[in-house]
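J.: Shown below is the structure under consideration.
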Amino acid sequence: MVTVSGVNDAPIAADDRLALDFDGVDDFVQISSNPLFEVTTHVTMEAWINPDASTNSRQIFINKEGEYEVALDPNGHIQWAFANADPGWAWHDTGVVVPLHSWSHIAISYDNGVITTYLNGVVGEVYNGSGAIGDNHPALDELRIGGRTNAPVGQYFDGRINEVQVWNV
């Protein structure tokens, strides 16, 4: 058992010098398929993002094609998709707005279908879904940062991304 007390869990701003800068055209990071990224009932995805511009399409910053992904829509809203029973492999708009030209800490927690969206440590939305996370595209199992592999290909992020983390908790 681990007990932690007196911890300030407020996010600390990312270091701009260490971030990856994505051009919104064709930049992405790809991590080969790894069983560590295969989750079914619990996952938490985190990243510091600093978007440069809104675009006419989604800007994906974390993508495990056919399983889970997180993006900004053209209005700057955080959207996510999980391959579960409810809402199913479809984009969900949280309504949580990420400002342009500013560092924001985004976290999405999936706990047996309950999906919580955080912006800078504050709960922005809780969605009561259901079902384990499946894999709608087993041939596309790499993890991508800043874009996606499946149709519509791309949806590239325009801005900086730092400290991406995917946890199986």
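In the structure tokens, chains take letters A, B, ... by order of appearance, with residues numbered from 1 within each chain and ligands from 1 in the order shown.
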Excluding Gln155 of chain A and any residue of its chain fewer than 6 positions from it, enumerate the residues within 12 Å of it, using only C-alpha atoms, and give them as an MDAnalysis selection string.
T.: chainID A and resid 22:28 54:63 69:74 144:149
J.: Output C-alpha atoms for every residue in that selection, as a JSON list (two decimals), in the first residue's frame.
T.:
[["chain", "number", "residue", "atom", "x", "y", "z"],
["A", 22, "PHE", "CA", 4.27, 19.59, -35.32],
["A", 23, "ASP", "CA", 3.51, 21.53, -38.52],
["A", 24, "GLY", "CA", -0.08, 20.34, -39.04],
["A", 25, "VAL", "CA", 0.83, 19.05, -42.52],
["A", 26, "ASP", "CA", 2.66, 15.73, -42.23],
["A", 27, "ASP", "CA", 4.47, 15.46, -38.87],
["A", 28, "PHE", "CA", 3.85, 12.61, -36.44],
["A", 54, "SER", "CA", -7.46, 25.78, -35.51],
["A", 55, "THR", "CA", -7.92, 23.84, -38.74],
["A", 56, "ASN", "CA", -10.80, 22.49, -40.83],
["A", 57, "SER", "CA", -10.28, 18.98, -39.47],
["A", 58, "ARG", "CA", -9.50, 17.27, -36.20],
["A", 59, "GLN", "CA", -5.99, 17.56, -34.83],
["A", 60, "ILE", "CA", -5.06, 14.25, -33.24],
["A", 61, "PHE", "CA", -2.47, 14.28, -30.50],
["A", 62, "ILE", "CA", -2.75, 10.65, -29.27],
["A", 63, "ASN", "CA", -3.94, 7.76, -31.48],
["A", 69, "GLU", "CA", -7.61, 8.42, -29.61],
["A", 70, "VAL", "CA", -7.76, 12.06, -28.49],
["A", 71, "ALA", "CA", -7.94, 15.17, -30.66],
["A", 72, "LEU", "CA", -9.04, 18.78, -30.94],
["A", 73, "ASP", "CA", -11.95, 19.52, -33.26],
["A", 74, "PRO", "CA", -11.99, 22.62, -35.51],
["A", 144, "ARG", "CA", 0.90, 7.70, -32.94],
["A", 145, "ILE", "CA", 1.46, 11.17, -31.56],
["A", 146, "GLY", "CA", 0.35, 14.06, -33.75],
["A", 147, "GLY", "CA", -1.63, 12.15, -36.41],
["A", 148, "ARG", "CA", -3.31, 8.89, -37.43],
["A", 149, "THR", "CA", -2.86, 6.03, -39.89]]
J.: Skip Pro51 of chain A itself and residues of its chain fewer than 6 positions away, then list as a PyMOL selection string all residues within 10 Å of it, counting only C-alpha atoms.
T.: chain A and resi 21-22+24+59+72+76+98-104+157-161
J.: How would the residues just chosen look if you wrote them out with C-alpha atoms as a PDB file, in the first residue's frame?
T.:
ATOM      1  CA  ASP A  21       6.782  20.968 -32.793  1.00  0.00           C
ATOM      2  CA  PHE A  22       4.267  19.586 -35.321  1.00  0.00           C
ATOM      3  CA  GLY A  24      -0.085  20.335 -39.037  1.00  0.00           C
ATOM      4  CA  GLN A  59      -5.989  17.559 -34.833  1.00  0.00           C
ATOM      5  CA  LEU A  72      -9.035  18.776 -30.936  1.00  0.00           C
ATOM      6  CA  GLY A  76     -10.778  23.667 -30.212  1.00  0.00           C
ATOM      7  CA  VAL A  98      -8.384  24.260 -25.292  1.00  0.00           C
ATOM      8  CA  PRO A  99      -6.975  27.767 -25.882  1.00  0.00           C
ATOM      9  CA  LEU A 100      -4.617  28.496 -28.777  1.00  0.00           C
ATOM     10  CA  HIS A 101      -1.003  29.596 -28.195  1.00  0.00           C
ATOM     11  CA  SER A 102      -0.984  28.416 -24.586  1.00  0.00           C
ATOM     12  CA  TRP A 103       0.182  25.268 -22.822  1.00  0.00           C
ATOM     13  CA  SER A 104      -2.663  23.082 -21.542  1.00  0.00           C
ATOM     14  CA  PHE A 157      -1.649  18.369 -35.069  1.00  0.00           C
ATOM     15  CA  ASP A 158      -0.461  21.947 -35.571  1.00  0.00           C
ATOM     16  CA  GLY A 159       1.498  23.054 -32.521  1.00  0.00           C
ATOM     17  CA  ARG A 160       3.685  21.640 -29.787  1.00  0.00           C
ATOM     18  CA  ILE A 161       3.182  18.433 -27.797  1.00  0.00           C
TER      19      ILE A 161
END
J.: Considering only C-alpha atoms, state which residue in the set A:Ala83, A:Ile106, A:Ala53, A:Val153 is at the smallest distance from Gly134 of chain A.
T.: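 Counting only C-alpha atoms, the residue closest to Gly134 of chain A is A:Ala83.
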J.: Give the answer as one residue: which of A:Thr117, A:Thr44, A:Asn136, A:Asn75 has the shortest atom-to-atom distance to Thr94 of chain A, using only C-alpha atoms?
T.: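 Looking only at the distances to Thr94 of chain A, the closest residue turns out to be A:Thr117.
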J.: Restricting the calculation to only C-alpha atoms, which member of A:Asn162, A:Asn50, A:Ser32, A:Asn168 is positioned closest to Asp111 of chain A?
T.: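 The closest residue to Asp111 of chain A is A:Asn168.
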J.: When you draw a straight line from atom CA of Asn128 of chain A to atom CA of Gly113 of chain A, how long is it in Å?
T.: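 Taking atom CA of Asn128 of chain A and atom CA of Gly113 of chain A, their separation equals 6.4 Å.
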J.: Which neighbours of His92 of chain A fall inside 7 Å, counting only C-alpha atoms, when residues of the same chain fewer than 4 positions from it are skipped, and could you give them as number ranges by chain?
T.: A: 79-81
J.: Go ahead and save the residues from that selection, with N, CA and C atoms, as a PDB file, in the first residue's frame.
T.:
ATOM      1  N   GLN A  79     -11.927  16.115 -28.148  1.00  0.00           N
ATOM      2  CA  GLN A  79     -12.741  14.981 -28.561  1.00  0.00           C
ATOM      3  C   GLN A  79     -11.952  13.703 -28.304  1.00  0.00           C
ATOM      4  N   TRP A  80     -12.674  12.627 -28.055  1.00  0.00           N
ATOM      5  CA  TRP A  80     -12.026  11.334 -27.903  1.00  0.00           C
ATOM      6  C   TRP A  80     -12.884  10.261 -28.558  1.00  0.00           C
ATOM      7  N   ALA A  81     -12.273   9.103 -28.794  1.00  0.00           N
ATOM      8  CA  ALA A  81     -12.990   7.933 -29.304  1.00  0.00           C
ATOM      9  C   ALA A  81     -12.405   6.693 -28.636  1.00  0.00           C
TER      10      ALA A  81
END
J.: If I take atom CA of Pro87 of chain A and atom CA of Asp52 of chain A, how far is one from the other in Å, to one decimal?
T.: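 Atom-to-atom, atom CA of Pro87 of chain A and atom CA of Asp52 of chain A are spaced 29.7 Å apart.
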J.: Suppose you want the space between atom CA of Trp89 of chain A and atom CA of Glu67 of chain A; what is it in Å?
T.: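 Here the two named atoms are 7.7 Å from each other.
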J.: Report as a list in words all protein, DNA and RNA residues lying within 9 Å of Gly88 of chain A, evaluated on only C-alpha atoms, omitting residues in the same chain fewer than 3 positions from it.
T.: Ala81, Phe82, Ala83, Asn84, Ala85, Trp91, Gly129, Ser130, Gly131 and Ile133 of chain A
J.: Would you output that residue set with N, CA and C atoms, as an mmCIF file, in the first residue's frame?
T.:
data_model
loop_
_atom_site.group_PDB
_atom_site.id
_atom_site.type_symbol
_atom_site.label_atom_id
_atom_site.label_comp_id
_atom_site.auth_asym_id
_atom_site.auth_seq_id
_atom_site.Cartn_x
_atom_site.Cartn_y
_atom_site.Cartn_z
ATOM 1 N N ALA A 81 -12.273 9.103 -28.794
ATOM 2 C CA ALA A 81 -12.990 7.933 -29.304
ATOM 3 C C ALA A 81 -12.405 6.693 -28.636
ATOM 4 N N PHE A 82 -13.295 5.783 -28.247
ATOM 5 C CA PHE A 82 -12.902 4.495 -27.681
ATOM 6 C C PHE A 82 -13.696 3.405 -28.390
ATOM 7 N N ALA A 83 -13.077 2.286 -28.670
ATOM 8 C CA ALA A 83 -13.757 1.163 -29.318
ATOM 9 C C ALA A 83 -14.417 0.299 -28.249
ATOM 10 N N ASN A 84 -15.476 0.842 -27.653
ATOM 11 C CA ASN A 84 -16.211 0.116 -26.619
ATOM 12 C C ASN A 84 -17.677 0.001 -27.042
ATOM 13 N N ALA A 85 -18.551 -0.480 -26.135
ATOM 14 C CA ALA A 85 -19.968 -0.647 -26.470
ATOM 15 C C ALA A 85 -20.694 0.694 -26.557
ATOM 16 N N TRP A 91 -16.312 9.559 -32.661
ATOM 17 C CA TRP A 91 -15.830 10.734 -31.937
ATOM 18 C C TRP A 91 -16.891 11.256 -30.984
ATOM 19 N N GLY A 129 -20.153 5.722 -20.132
ATOM 20 C CA GLY A 129 -20.269 4.750 -21.208
ATOM 21 C C GLY A 129 -20.230 3.342 -20.649
ATOM 22 N N SER A 130 -19.982 2.374 -21.521
ATOM 23 C CA SER A 130 -19.923 0.988 -21.059
ATOM 24 C C SER A 130 -19.084 0.143 -22.014
ATOM 25 N N GLY A 131 -18.629 -0.964 -21.488
ATOM 26 C CA GLY A 131 -17.931 -1.954 -22.294
ATOM 27 C C GLY A 131 -16.425 -1.826 -22.262
ATOM 28 N N ILE A 133 -12.653 -1.907 -23.959
ATOM 29 C CA ILE A 133 -12.075 -1.359 -25.186
ATOM 30 C C ILE A 133 -11.642 -2.520 -26.074
#
J.: Please provide the set of residues having any atom within 9 Å of Ile115 of chain A, restricted to only C-alpha atoms, with same-chain residues fewer than 3 positions apart removed, written as a PyMOL selection string.
T.: chain A and resi 108-112+125-129
